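What follows is the content of target.pdb, which has PDB, C-alpha atoms, pLDDT in the B column:
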```pdb
ATOM      1  CA  MET I   1       0.000   0.000   0.000  1.00 67.00           C
ATOM      2  CA  SER I   2       1.218   3.429  -0.890  1.00 82.00           C
ATOM      3  CA  GLU I   3       1.629   6.361   1.467  1.00 89.00           C
ATOM      4  CA  ASN I   4      -1.057   8.354  -0.387  1.00 88.00           C
ATOM      5  CA  PHE I   5      -3.465   5.433  -0.073  1.00 90.00           C
ATOM      6  CA  ASP I   6      -2.928   5.344   3.672  1.00 91.00           C
ATOM      7  CA  LYS I   7      -3.513   9.115   3.906  1.00 91.00           C
ATOM      8  CA  LEU I   8      -6.710   8.970   1.862  1.00 92.00           C
ATOM      9  CA  LYS I   9      -7.923   5.931   3.787  1.00 90.00           C
ATOM     10  CA  ALA I  10      -7.370   7.805   7.062  1.00 91.00           C
ATOM     11  CA  LYS I  11      -9.172  10.904   5.752  1.00 90.00           C
ATOM     12  CA  LEU I  12     -12.109   8.783   4.615  1.00 87.00           C
ATOM     13  CA  ALA I  13     -12.310   7.138   8.022  1.00 87.00           C
ATOM     14  CA  GLU I  14     -12.120  10.504   9.787  1.00 88.00           C
ATOM     15  CA  THR I  15     -14.422  12.638   7.636  1.00 87.00           C
ATOM     16  CA  GLY I  16     -16.531  10.015   5.896  1.00 80.00           C
ATOM     17  CA  SER I  17     -15.989  11.537   2.469  1.00 82.00           C
ATOM     18  CA  LEU I  18     -13.527  11.934  -0.378  1.00 84.00           C
ATOM     19  CA  THR I  19     -13.891  13.630  -3.737  1.00 85.00           C
ATOM     20  CA  ASP I  20     -13.089  12.162  -7.130  1.00 85.00           C
ATOM     21  CA  ASP I  21     -10.448  14.856  -7.513  1.00 88.00           C
ATOM     22  CA  GLU I  22      -8.697  13.799  -4.311  1.00 89.00           C
ATOM     23  CA  ILE I  23      -8.524  10.207  -5.481  1.00 87.00           C
ATOM     24  CA  THR I  24      -7.375  10.970  -9.022  1.00 85.00           C
ATOM     25  CA  ALA I  25      -4.862  13.598  -7.875  1.00 87.00           C
ATOM     26  CA  ALA I  26      -3.148  11.217  -5.449  1.00 87.00           C
ATOM     27  CA  ALA I  27       0.076  10.040  -7.063  1.00 87.00           C
ATOM     28  CA  GLY I  28       1.104   6.418  -7.016  1.00 89.00           C
ATOM     29  CA  LEU I  29      -2.258   4.809  -6.332  1.00 89.00           C
ATOM     30  CA  THR I  30      -2.800   1.419  -7.921  1.00 89.00           C
ATOM     31  CA  ASP I  31      -6.051   0.613  -9.664  1.00 86.00           C
ATOM     32  CA  GLU I  32      -6.971  -1.692  -6.780  1.00 89.00           C
ATOM     33  CA  GLU I  33      -6.420   1.107  -4.257  1.00 89.00           C
ATOM     34  CA  LYS I  34      -8.592   3.504  -6.297  1.00 88.00           C
ATOM     35  CA  ILE I  35     -11.334   0.891  -6.552  1.00 86.00           C
ATOM     36  CA  TRP I  36     -11.172   0.225  -2.815  1.00 88.00           C
ATOM     37  CA  LEU I  37     -11.362   3.939  -1.960  1.00 88.00           C
ATOM     38  CA  ASN I  38     -14.322   4.488  -4.278  1.00 86.00           C
ATOM     39  CA  ALA I  39     -16.168   1.455  -2.918  1.00 86.00           C
ATOM     40  CA  GLU I  40     -15.654   2.578   0.666  1.00 87.00           C
ATOM     41  CA  ARG I  41     -16.690   6.123  -0.197  1.00 85.00           C
ATOM     42  CA  TYR I  42     -19.949   5.003  -1.799  1.00 76.00           C
ATOM     43  CA  ASP I  43     -20.629   2.608   1.066  1.00 78.00           C
ATOM     44  CA  LYS I  44     -20.267   5.453   3.580  1.00 77.00           C
ATOM     45  CA  GLN I  45     -22.511   7.730   1.502  1.00 73.00           C
ATOM     46  CA  ARG I  46     -25.176   5.059   1.299  1.00 67.00           C
ATOM     47  CA  GLY I  47     -24.936   4.491   5.047  1.00 64.00           C
ATOM     48  CA  LYS I  48     -25.540   8.179   5.683  1.00 65.00           C
ATOM     49  CA  GLN I  49     -28.628   8.153   3.523  1.00 62.00           C
ATOM     50  CA  GLY I  50     -30.090   5.144   5.278  1.00 69.00           C
ATOM     51  CA  VAL I  51     -32.537   2.679   3.870  1.00 76.00           C
ATOM     52  CA  ILE I  52     -36.162   3.622   3.465  1.00 82.00           C
ATOM     53  CA  THR I  53     -38.657   0.915   4.353  1.00 85.00           C
ATOM     54  CA  LEU I  54     -41.811   0.032   2.468  1.00 90.00           C
ATOM     55  CA  GLU I  55     -43.865   1.357   5.373  1.00 91.00           C
ATOM     56  CA  GLN I  56     -42.120   4.741   5.171  1.00 89.00           C
ATOM     57  CA  TYR I  57     -42.685   4.793   1.409  1.00 92.00           C
ATOM     58  CA  VAL I  58     -46.415   4.070   1.782  1.00 93.00           C
ATOM     59  CA  ALA I  59     -46.783   6.714   4.490  1.00 92.00           C
ATOM     60  CA  ALA I  60     -44.979   9.273   2.321  1.00 92.00           C
ATOM     61  CA  ASN I  61     -47.296   8.494  -0.591  1.00 93.00           C
ATOM     62  CA  LYS I  62     -50.293   9.162   1.676  1.00 92.00           C
ATOM     63  CA  VAL I  63     -48.809  12.565   2.532  1.00 90.00           C
ATOM     64  CA  LEU I  64     -48.396  13.295  -1.180  1.00 93.00           C
ATOM     65  CA  ASP I  65     -52.092  12.539  -1.662  1.00 94.00           C
ATOM     66  CA  THR I  66     -53.255  14.873   1.112  1.00 90.00           C
ATOM     67  CA  ALA I  67     -50.726  17.700   1.583  1.00 88.00           C
ATOM     68  CA  ALA I  68     -50.478  20.886  -0.448  1.00 91.00           C
ATOM     69  CA  GLU I  69     -47.747  20.716  -3.088  1.00 92.00           C
ATOM     70  CA  ASP I  70     -45.890  23.746  -1.755  1.00 90.00           C
ATOM     71  CA  SER I  71     -45.895  22.589   1.868  1.00 87.00           C
ATOM     72  CA  PRO I  72     -42.737  21.378   3.652  1.00 86.00           C
ATOM     73  CA  GLU I  73     -44.469  18.067   4.419  1.00 89.00           C
ATOM     74  CA  TYR I  74     -45.105  17.464   0.731  1.00 90.00           C
ATOM     75  CA  LYS I  75     -41.513  18.256  -0.220  1.00 91.00           C
ATOM     76  CA  ALA I  76     -40.120  15.967   2.483  1.00 90.00           C
ATOM     77  CA  ALA I  77     -42.462  13.168   1.435  1.00 91.00           C
ATOM     78  CA  GLN I  78     -41.528  13.615  -2.225  1.00 93.00           C
ATOM     79  CA  THR I  79     -37.836  13.346  -1.345  1.00 90.00           C
ATOM     80  CA  LEU I  80     -38.518  10.160   0.598  1.00 89.00           C
ATOM     81  CA  VAL I  81     -40.511   8.638  -2.267  1.00 92.00           C
ATOM     82  CA  ASP I  82     -37.849   9.560  -4.827  1.00 92.00           C
ATOM     83  CA  THR I  83     -35.097   8.073  -2.656  1.00 86.00           C
ATOM     84  CA  TYR I  84     -37.044   4.855  -2.112  1.00 89.00           C
ATOM     85  CA  GLU I  85     -37.690   4.458  -5.834  1.00 91.00           C
ATOM     86  CA  LYS I  86     -33.984   4.969  -6.598  1.00 87.00           C
ATOM     87  CA  GLN I  87     -32.917   2.332  -4.085  1.00 81.00           C
ATOM     88  CA  ALA I  88     -35.453  -0.234  -5.348  1.00 67.00           C
TER      89      ALA I  88
END
```
Show me this structure written as structure tokens.
Amino acid sequence: MSENFDKLKAKLAETGSLTDDEITAAAGLTDEEKIWLNAERYDKQRGKQGVITLEQYVAANKVLDTAAEDSPEYKAAQTLVDTYEKQA
């Protein structure tokens, strides 16, 4: 493992995020190290988003049916529905 890999791995563990630019700009990374960093980064991002259950999805759809389109409840429910449909 390269020194840059260890630094980026530590930063990812500490902050929970890395950018594509940080990974591509790091000199001396092998393809395997880049793949590992990207996989860990996406795993952490997915963990932050959480998983939306079917029950939450159904409840959000009920809010969409009853709430006014410009209300904060409607917008939050729409975000939840969109996220659920992307993860499915």
Need the shell around range 20-28 of chain I: protein/DNA/RNA residues with any atom at most 10 Å away, counting only C-alpha atoms. Skip same-chain ones fewer than 6 positions apart. Format as a short mmCIF file (atom, residue, chain, number, x, y, z; two decimals) with C-alpha atoms, in the coordinates of the input?
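around.cif written:
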```
data_model
loop_
_atom_site.label_atom_id
_atom_site.label_comp_id
_atom_site.auth_asym_id
_atom_site.auth_seq_id
_atom_site.Cartn_x
_atom_site.Cartn_y
_atom_site.Cartn_z
CA MET I 1 0.00 0.00 0.00
CA SER I 2 1.22 3.43 -0.89
CA GLU I 3 1.63 6.36 1.47
CA ASN I 4 -1.06 8.35 -0.39
CA PHE I 5 -3.46 5.43 -0.07
CA LYS I 7 -3.51 9.12 3.91
CA LEU I 8 -6.71 8.97 1.86
CA LYS I 34 -8.59 3.50 -6.30
CA ILE I 35 -11.33 0.89 -6.55
CA LEU I 37 -11.36 3.94 -1.96
CA ASN I 38 -14.32 4.49 -4.28
CA ARG I 41 -16.69 6.12 -0.20
#
```
So which residues get picked by the PyMOL selection byres ((chain I and resi 67-82) around 12) here, written as a PyMOL selection string? chain I and resi 49-66+83-88
Residues at most 9 Å from Ser17 in chain I, counting all atoms listed in the file, excluding those fewer than 3 positions away in the same chain, as a list in words?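 Skipping anything fewer than 3 positions along the chain leaves Lys11, Leu12, Ala13, Glu14, Arg41, Tyr42, Lys44 and Gln45 of chain I.
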